[in-house]
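Data from final.txt: compact mmCIF, C-alpha atoms
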```txt
# COMPACT_ATOMS: atom_id res chain seq x y z
CA MET X 1 9.80 21.21 22.99
CA VAL X 2 12.97 23.27 22.86
CA ASN X 3 12.58 26.81 21.58
CA PRO X 4 12.83 26.50 17.77
CA ALA X 5 14.04 30.10 17.44
CA ALA X 6 17.09 29.22 19.55
CA LEU X 7 18.16 26.37 17.26
CA PRO X 8 20.78 26.99 14.57
CA SER X 9 20.38 26.81 10.81
CA PRO X 10 21.15 24.68 8.86
CA LEU X 11 19.90 21.89 11.16
CA TRP X 12 19.54 18.14 10.71
CA ILE X 13 16.48 16.33 12.07
CA LEU X 14 17.82 12.83 12.80
CA GLY X 15 16.23 9.79 14.42
CA THR X 16 17.17 6.72 16.41
CA GLY X 17 15.32 4.65 13.80
CA THR X 18 12.48 4.54 11.31
CA GLY X 19 9.06 5.65 12.50
CA VAL X 20 10.17 7.82 15.40
CA GLY X 21 8.58 11.01 14.02
CA LYS X 22 11.40 12.91 12.29
CA THR X 23 9.00 14.35 9.73
CA GLN X 24 6.54 15.40 12.43
CA VAL X 25 9.33 17.31 14.14
CA ALA X 26 10.49 18.81 10.83
CA ARG X 27 6.94 19.98 10.11
CA HIS X 28 6.63 21.59 13.55
CA MET X 29 10.07 23.19 13.28
CA ALA X 30 9.47 24.56 9.79
CA ARG X 31 6.20 26.16 10.85
CA ALA X 32 7.81 27.69 13.91
CA TRP X 33 10.67 29.04 11.83
CA VAL X 34 8.38 30.60 9.20
CA GLY X 35 7.64 33.36 11.69
CA LEU X 36 11.32 34.31 11.44
CA GLY X 37 11.51 34.27 7.62
CA PRO X 38 11.62 31.81 4.70
CA VAL X 39 12.36 28.15 5.39
CA THR X 40 13.84 25.51 3.08
CA TYR X 41 13.30 21.84 3.94
CA ARG X 42 15.65 19.35 2.28
CA LYS X 43 15.33 15.57 2.15
CA PRO X 44 18.41 14.16 0.39
CA PHE X 45 17.23 10.53 0.44
CA GLN X 46 13.75 9.06 0.61
CA THR X 47 12.64 5.52 -0.06
CA GLY X 48 9.18 4.08 -0.56
CA VAL X 49 7.94 6.81 -2.93
CA ASP X 50 8.32 7.43 -6.66
CA ARG X 51 7.81 11.19 -6.83
CA ALA X 52 8.35 14.25 -4.63
CA ASP X 53 4.64 15.14 -4.50
CA HIS X 54 3.55 11.63 -3.50
CA PRO X 55 1.05 11.84 -0.60
CA GLU X 56 3.38 9.72 1.54
CA ALA X 57 6.50 11.70 0.69
CA ASP X 58 7.93 13.52 3.68
CA ALA X 59 8.07 16.76 1.70
CA SER X 60 4.27 16.59 1.25
CA ALA X 61 3.85 16.59 5.04
CA VAL X 62 6.17 19.55 5.60
CA ILE X 63 5.25 21.92 2.77
CA GLY X 64 3.26 25.03 3.66
CA PRO X 65 3.18 28.82 3.28
CA GLY X 66 6.71 30.19 3.37
CA ILE X 67 8.24 26.68 3.31
CA CYS X 68 10.12 25.50 0.22
CA VAL X 69 10.55 21.70 0.07
CA GLU X 70 13.32 19.99 -1.88
CA SER X 71 13.93 16.28 -2.48
CA LEU X 72 16.98 14.81 -4.20
CA VAL X 73 16.99 11.00 -4.39
CA LEU X 74 13.64 9.18 -4.51
CA LEU X 75 13.61 5.39 -4.51
CA LYS X 76 10.51 3.23 -4.89
CA ALA X 77 11.21 0.34 -2.53
CA PRO X 78 10.71 0.94 1.23
CA LEU X 79 14.23 -0.23 2.03
CA SER X 80 17.52 1.37 3.00
CA PRO X 81 18.72 3.80 0.31
CA TRP X 82 21.51 1.44 -0.69
CA ALA X 83 19.25 -1.60 -0.97
CA ALA X 84 16.55 0.36 -2.81
CA ALA X 85 19.12 1.83 -5.21
CA GLN X 86 20.55 -1.63 -5.93
CA GLY X 87 17.04 -2.85 -6.74
CA GLU X 88 16.74 -0.10 -9.35
CA GLY X 89 20.24 -0.60 -10.73
CA ARG X 90 21.34 2.79 -9.44
CA ILE X 91 24.43 4.03 -7.62
CA LEU X 92 23.97 6.94 -5.24
CA ASP X 93 26.25 9.91 -6.01
CA LEU X 94 27.04 10.74 -2.40
CA PRO X 95 29.50 13.62 -3.03
CA ALA X 96 26.85 15.29 -5.20
CA ALA X 97 24.25 14.71 -2.48
CA ALA X 98 26.51 16.37 0.08
CA ALA X 99 26.98 19.39 -2.18
CA TRP X 100 23.20 19.52 -2.72
CA CYS X 101 22.59 19.66 1.02
CA LEU X 102 25.02 22.55 1.46
CA ARG X 103 23.67 24.77 -1.33
CA PRO X 104 22.83 28.33 -0.19
CA ALA X 105 19.17 29.09 0.47
CA GLU X 106 17.14 32.10 1.48
CA GLY X 107 16.28 32.01 5.17
CA ARG X 108 16.66 28.96 7.38
CA VAL X 109 17.37 25.39 6.28
CA LEU X 110 16.10 22.11 7.76
CA LEU X 111 17.47 18.78 6.59
CA GLU X 112 15.85 15.46 7.42
CA GLY X 113 17.77 12.21 7.62
CA VAL X 114 16.58 8.82 6.43
CA GLY X 115 15.78 5.99 8.84
CA GLY X 116 18.25 5.61 11.68
CA LEU X 117 21.74 7.01 11.94
CA MET X 118 23.54 4.03 10.44
CA VAL X 119 21.25 3.14 7.56
CA PRO X 120 23.47 2.04 4.63
CA LEU X 121 23.98 4.43 1.71
CA GLY X 122 26.61 2.41 -0.11
CA PRO X 123 29.30 -0.26 0.35
CA LYS X 124 30.72 0.10 3.87
CA LEU X 125 29.22 3.60 4.20
CA HIS X 126 26.25 4.49 6.40
CA PHE X 127 24.36 7.75 6.75
CA LEU X 128 26.18 8.92 9.89
CA ALA X 129 29.63 8.57 8.32
CA TRP X 130 28.48 10.41 5.19
CA ALA X 131 26.66 13.23 6.99
CA THR X 132 29.45 13.85 9.52
CA ASP X 133 31.55 15.42 6.76
CA LEU X 134 28.90 18.13 6.29
CA GLN X 135 29.64 19.43 9.82
CA LEU X 136 26.08 20.59 10.57
CA PRO X 137 24.32 20.50 13.96
CA CYS X 138 21.32 18.28 14.67
CA VAL X 139 18.47 17.32 16.95
CA LEU X 140 17.79 13.65 17.67
CA VAL X 141 14.24 12.27 17.68
CA ALA X 142 13.48 9.08 19.62
CA LEU X 143 10.51 7.01 20.76
CA GLY X 144 9.06 7.61 24.21
CA GLY X 145 8.75 4.10 25.61
CA LEU X 146 10.40 0.73 26.06
CA GLY X 147 13.82 0.49 24.42
CA THR X 148 14.30 4.20 23.95
CA LEU X 149 16.92 4.54 26.68
CA ASN X 150 19.30 2.14 24.93
CA HIS X 151 18.56 3.40 21.41
CA THR X 152 18.85 7.05 22.41
CA LEU X 153 22.07 6.67 24.37
CA LEU X 154 23.70 4.62 21.60
CA SER X 155 22.66 7.18 18.96
CA ALA X 156 23.70 10.19 21.03
CA GLU X 157 27.05 8.61 21.83
CA ALA X 158 27.66 7.81 18.15
CA LEU X 159 26.95 11.43 17.25
CA MET X 160 29.10 12.91 20.00
CA LEU X 161 32.04 10.57 19.32
CA ARG X 162 32.06 11.81 15.72
CA GLY X 163 32.08 15.43 16.87
CA TRP X 164 28.47 16.33 16.10
CA ARG X 165 26.86 19.34 17.74
CA LEU X 166 23.75 17.68 19.20
CA GLU X 167 21.39 20.49 20.18
CA ALA X 168 18.61 18.48 21.82
CA VAL X 169 17.02 15.05 22.20
CA LEU X 170 13.27 14.93 21.55
CA LEU X 171 11.23 11.96 22.82
CA ASN X 172 8.08 11.38 20.79
CA PRO X 173 5.57 9.28 22.79
CA GLY X 174 2.96 9.70 20.06
CA ALA X 175 5.01 7.55 17.69
CA ASP X 176 4.80 4.42 19.86
CA GLY X 177 1.72 5.15 21.98
CA THR X 178 3.69 5.67 25.17
CA ALA X 179 1.87 7.24 28.11
CA PRO X 180 3.18 10.78 28.72
CA GLU X 181 4.25 9.97 32.27
CA VAL X 182 6.37 7.05 31.02
CA ALA X 183 8.04 9.25 28.43
CA GLU X 184 8.72 11.90 31.07
CA SER X 185 10.30 9.25 33.30
CA ASN X 186 12.55 8.13 30.43
CA ALA X 187 13.46 11.74 29.67
CA ALA X 188 14.45 12.27 33.32
CA LEU X 189 16.73 9.24 33.18
CA LEU X 190 18.32 10.39 29.93
CA ARG X 191 19.04 13.81 31.41
CA GLY X 192 21.30 12.07 33.91
CA PHE X 193 23.45 10.74 31.04
CA LEU X 194 23.34 13.43 28.37
CA PRO X 195 24.69 17.01 28.41
CA MET X 196 22.07 18.47 26.04
CA PRO X 197 18.36 19.22 26.70
CA VAL X 198 16.01 16.21 26.61
CA THR X 199 12.38 17.14 25.89
CA VAL X 200 9.13 15.17 25.57
CA LEU X 201 6.99 16.21 22.60
CA ASP X 202 3.30 16.91 23.14
```

Since I need it in another form, could you write the structure as structure tokens?
Amino acid sequence: MVNPAALPSPLWILGTGTGVGKTQVARHMARAWVGLGPVTYRKPFQTGVDRADHPEADASAVIGPGICVESLVLLKAPLSPWAAAQGEGRILDLPAAAAWCLRPAEGRVLLEGVGGLMVPLGPKLHFLAWATDLQLPCVLVALGGLGTLNHTLLSAEALMLRGWRLEAVLLNPGADGTAPEVAESNAALLRGFLPMPVTVLD
């Protein structure tokens, strides 16, 4: 993995889709950063849970000594934030969520996205369009095996075209059971297309 100490703060942990291991990366990053001082982990949107301390809440997986976890919008249905909010008769206050993400914090700040880059947050507004306005750097987490070349290149291009500072691409073979040598082969191919480091997670 890239050297966590060399990565900037605040930092988004984003993914090419659901189930790629964003929270696993956030957990690893937060624990690596704790050696440098306090860490705040922020999850602005989470679906599929009804409380921040739910065992399946991402914050529950990241919390630890020296790590403060914060959740803003929790929605019960395991759907996109927009669909889940509609099911509960709620409207997401996206300007307030942006301000929440940018609040000052002691030490370093990690933010974790929700689902893939273009998951809907509201009418004609997806996560990537909303988060671009925050002007924060990111790392991109992707699967290790079949399909990851297309998904990763599409996601990386979408980020770069919107002016994002993409620090690294992290392939996570553990998320889809890919053999390490296959993930390494995909990483080598991606390095021929992308200007940032591409690393395979252990």

Per residue of stretch 67-113 of chain X within 7 Å of stretch 20-39 of chain X, which atom pair is closest and at what distance in Å (one decimal), using all atoms listed in the file, listed by chain and increasing number, as CSV?
```
residue,atom,partner,partner_atom,distance
X:Ile67,CA,X:Val39,CA,4.8
X:Cys68,CA,X:Val39,CA,6.2
X:Glu106,CA,X:Pro38,CA,6.4
X:Gly107,CA,X:Pro38,CA,4.7
X:Arg108,CA,X:Val39,CA,4.8
X:Val109,CA,X:Val39,CA,5.8
```

Selected residues written out, C-alpha atoms, as a short mmCIF file (atom, residue, chain, number, x, y, z; two decimals), keeping the file's coordinate frame:
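Resulting contents of result_28.cif:
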```cif
data_model
loop_
_atom_site.label_atom_id
_atom_site.label_comp_id
_atom_site.auth_asym_id
_atom_site.auth_seq_id
_atom_site.Cartn_x
_atom_site.Cartn_y
_atom_site.Cartn_z
CA ILE X 67 8.24 26.68 3.31
CA CYS X 68 10.12 25.50 0.22
CA GLU X 106 17.14 32.10 1.48
CA GLY X 107 16.28 32.01 5.17
CA ARG X 108 16.66 28.96 7.38
CA VAL X 109 17.37 25.39 6.28
#
```

Interatomic distance, atom CA of X:Ser155 to atom CA of X:Ala84 (Å, one decimal):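 Answer for the atom CA of X:Ser155 to atom CA of X:Ala84 separation: 23.6 Å.
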
Within 10 Å of X:Gln46, counting only C-alpha atoms, which residues show up once you throw out same-chain ones fewer than 3 positions away? Write them as a PyMOL selection string, please. chain X and resi 43+49-52+57-59+71-81+84+112-115

One decimal, Å: what's the distance from atom CA of X:Ala187 over to atom CA of X:Gly144, could you say? 8.1 Å

Atom CA of X:Cys138 to atom CA of X:Ile13, distance in Å rounded to a single decimal: 5.8 Å

Could you name the residues that touch X:Pro10 at 10 Å or less, counting all atoms listed in the file, but leaving out those on the same chain fewer than 4 positions away, as a PyMOL selection string? chain X and resi 40-41+101-102+104-105+107-111+136-138

For a quick check of understanding, using only C-alpha atoms, which of X:Leu170, X:Leu189, X:Ala129, X:Leu117 has the smallest distance to X:Thr16?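 Using only C-alpha atoms, X:Thr16 sits closest to X:Leu117.
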
I'd like the contact shell of X:Trp130 - 10 Å cut-off, all atoms listed in the file, skipping same-chain residues fewer than 2 positions apart - returned as a list in words.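 Returned residues: Leu94, Pro95, Ala97, Ala98, Met118, Pro120, Leu121, Gly122, Leu125, His126, Phe127, Leu128, Thr132, Asp133 and Leu134 of chain X.
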